[in-house]
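Participant: Sharing a structure here in structure tokens format.
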Amino acid sequence: MPLNRDDILRALETVKLPDGKSLPASGRLTDVVINDGKVIFAITVDPSEVNALEGVRSSAEQIVKRVPGVTGALVGLTADKAAGSSPAPGPTPMRSGPKNPPAATSKLAGIPGVKHIIAVASGKGGVGKSTTSCNLALGLAALGLKIGILDADIYGPSQPKLFGLRGKPRVTPERKMEPLERYGVKVMSIGFLVDEETAMIWRGPMVMSALTQMLREVAWGDLDVLVVDMPPGTGDAQLTMAQQTPLAGAVIVSTPQDLALLDARRGVAMFRKVNVPVLGVIENMANFSCPNCGHVSPIFGHGGARAEAEKTGVPFLGEIPLHMEIRETSDEGRPVVATAPDGPHSQAYLAIARKVWATLESGVASKPAPKIVIE
């Protein structure tokens, strides 16, 4: 008989919570998704319970993997809905997250061997966040640091393409995935686990389950910095990542035009709301230099991100131009910092990497960010 939801729930009856209730009876389970033998679900928790219930999550995943017909299991912890509520018999509606999310604290469990975790984020898509994340990671590696990058954009993973990587991660004897590596950077992405053309039609809890596993069940080894390429926007995935991961800081990427700056402002406000320091703002696609005549055109405007950084009181990290070389090398899986390290575009990314690393090493990033007061 084909594997079904009841088979999974019966197996999970043996998983007990600290209060003695079985996991299915606790009301904490989200929808159980089964796809070609792969089982995906999440356990709803309050952010303060994450560390205490990590053992329950791990036990649930191991037990499900032993169910006949199961080829893989992905179990995560999520604050997508209030813990203790009963699961609906049908699809669980997606929520936008708590109105007043708890602040991130240094008590969150870190990743063994990883010194600093930073998020690269944007308030909206289409501003070049993933390309910036890739070249920032390479810039940090060029400083002699041990660097990894997590592609947290589940719906649109870009890092496999940017790094020119294909294939599936190997699994260690400790049942952890080994990240793929190129140009001296360790890379993990959902793009390594699913077909390139597969549409990821997942609700919030499924996304957080995948992120949890890619973050905490990967053999990262010793890293100076783990760069997290965040999904665009300021929704549940971003909030939960900020609440459940000890982020050392966040970098905001924006283009210069007013529309993008409005969303960048929301990104700054979100990270401040959860007490994640904002390391600075990068102005991407700052200007365009004609390759034929050399005339510089501010296609999207110029200086807007710098002005916004000054307005919101966060550092301005630098400008990256709109240029064919950056686009071409990205499309070819040969990022510009790795393949043309002495060029002007690589030097712009390297200058930003130096500023980010200097802030992390100085300890400034560990200080609580100022609160926004609206009068």
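Residues in the structure tokens are numbered from 1 in each chain, the chains being A, B, ... in the order shown, and ligands are numbered from 1 in the order shown.
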Which residues are near Trp220 in chain A? Cut-off 8 Å, only C-alpha atoms, ignore same chain within fewer than 4 positions. Put them as a VMD selection string.
Facilitator: chain A and resid 113 to 114 148 178 to 179 186
Participant: Would you mind exporting C-alpha atoms of the selected residues as a PDB file, in the first residue's frame?
Facilitator:
```pdb
ATOM      1  CA  GLY A 113      32.301  25.747  14.435  1.00  0.00           C
ATOM      2  CA  VAL A 114      30.654  28.853  12.936  1.00  0.00           C
ATOM      3  CA  GLY A 148      30.124  29.339   3.791  1.00  0.00           C
ATOM      4  CA  GLU A 178      28.138  17.953   3.226  1.00  0.00           C
ATOM      5  CA  PRO A 179      27.965  21.334   1.489  1.00  0.00           C
ATOM      6  CA  LYS A 186      31.093  26.067   1.077  1.00  0.00           C
TER       7      LYS A 186
END
```
Participant: Show which residues sit within 12 Å of Ser158 in chain A, as a PyMOL selection string. Count only C-alpha atoms, and ignore same-chain residues fewer than 2 positions away.
Facilitator: chain A and resi 128-134+149-156+160-166+187-192+196+229-231+330-331+333
Participant: Which residues are near Gly363 in chain A? Cut-off 12 Å, only C-alpha atoms, ignore same chain within fewer than 5 positions. Put them as an NGL selection string.
Facilitator: :A and (115-116 or 248-249 or 277 or 279 or 356-358 or 368)
Participant: Restricting the calculation to only C-alpha atoms: of A:Ile118, A:Val336, A:Ala286, A:Val171, which residue gets closest to Ile320 in chain A?
Facilitator: A:Ala286
Participant: I want to know what sits within 8 Å of Val278 in chain A, based on only C-alpha atoms, with residues of the same chain fewer than 4 positions away left out; could you give that as a PyMOL selection string?
Facilitator: chain A and resi 249-252+268+271-272+314+365+369
Participant: Export C-alpha atoms of the chosen residues as a JSON list (two decimals), in the first residue's frame?
Facilitator:
```json
[["chain", "number", "residue", "atom", "x", "y", "z"],
["A", 249, "GLY", "CA", 24.11, 41.22, 11.78],
["A", 250, "ALA", "CA", 22.31, 41.93, 8.53],
["A", 251, "VAL", "CA", 23.34, 43.59, 5.28],
["A", 252, "ILE", "CA", 20.57, 45.32, 3.30],
["A", 268, "VAL", "CA", 16.06, 47.79, 8.31],
["A", 271, "PHE", "CA", 15.89, 43.55, 11.79],
["A", 272, "ARG", "CA", 15.87, 46.32, 14.36],
["A", 314, "VAL", "CA", 23.11, 52.72, 9.60],
["A", 365, "ALA", "CA", 27.70, 44.06, 15.63],
["A", 369, "ALA", "CA", 20.49, 48.04, 17.56]]
```
Participant: For Val33 in chain A, which residue among A:Val281, A:Ala119, A:Ile326, A:Ala73 is the nearest when counting only C-alpha atoms?
Facilitator: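 Counting only C-alpha atoms, the residue closest to Val33 in chain A is A:Ala73.
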Participant: Which residue gives the smallest distance to Asp222 in chain A among A:Val39, A:Val127, A:Leu145, A:Val276, with only C-alpha atoms counted?
Facilitator: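 For Asp222 in chain A, the nearest of the candidates is A:Leu145.
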Participant: Given the choices A:Ile111, A:Leu223, A:Met270, A:Leu77, which gets closest to Leu140 in chain A if the distance is worked out from only C-alpha atoms?
Facilitator: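 Ranking A:Ile111, A:Leu223, A:Met270, A:Leu77 by distance to Leu140 in chain A, first place goes to A:Leu223.
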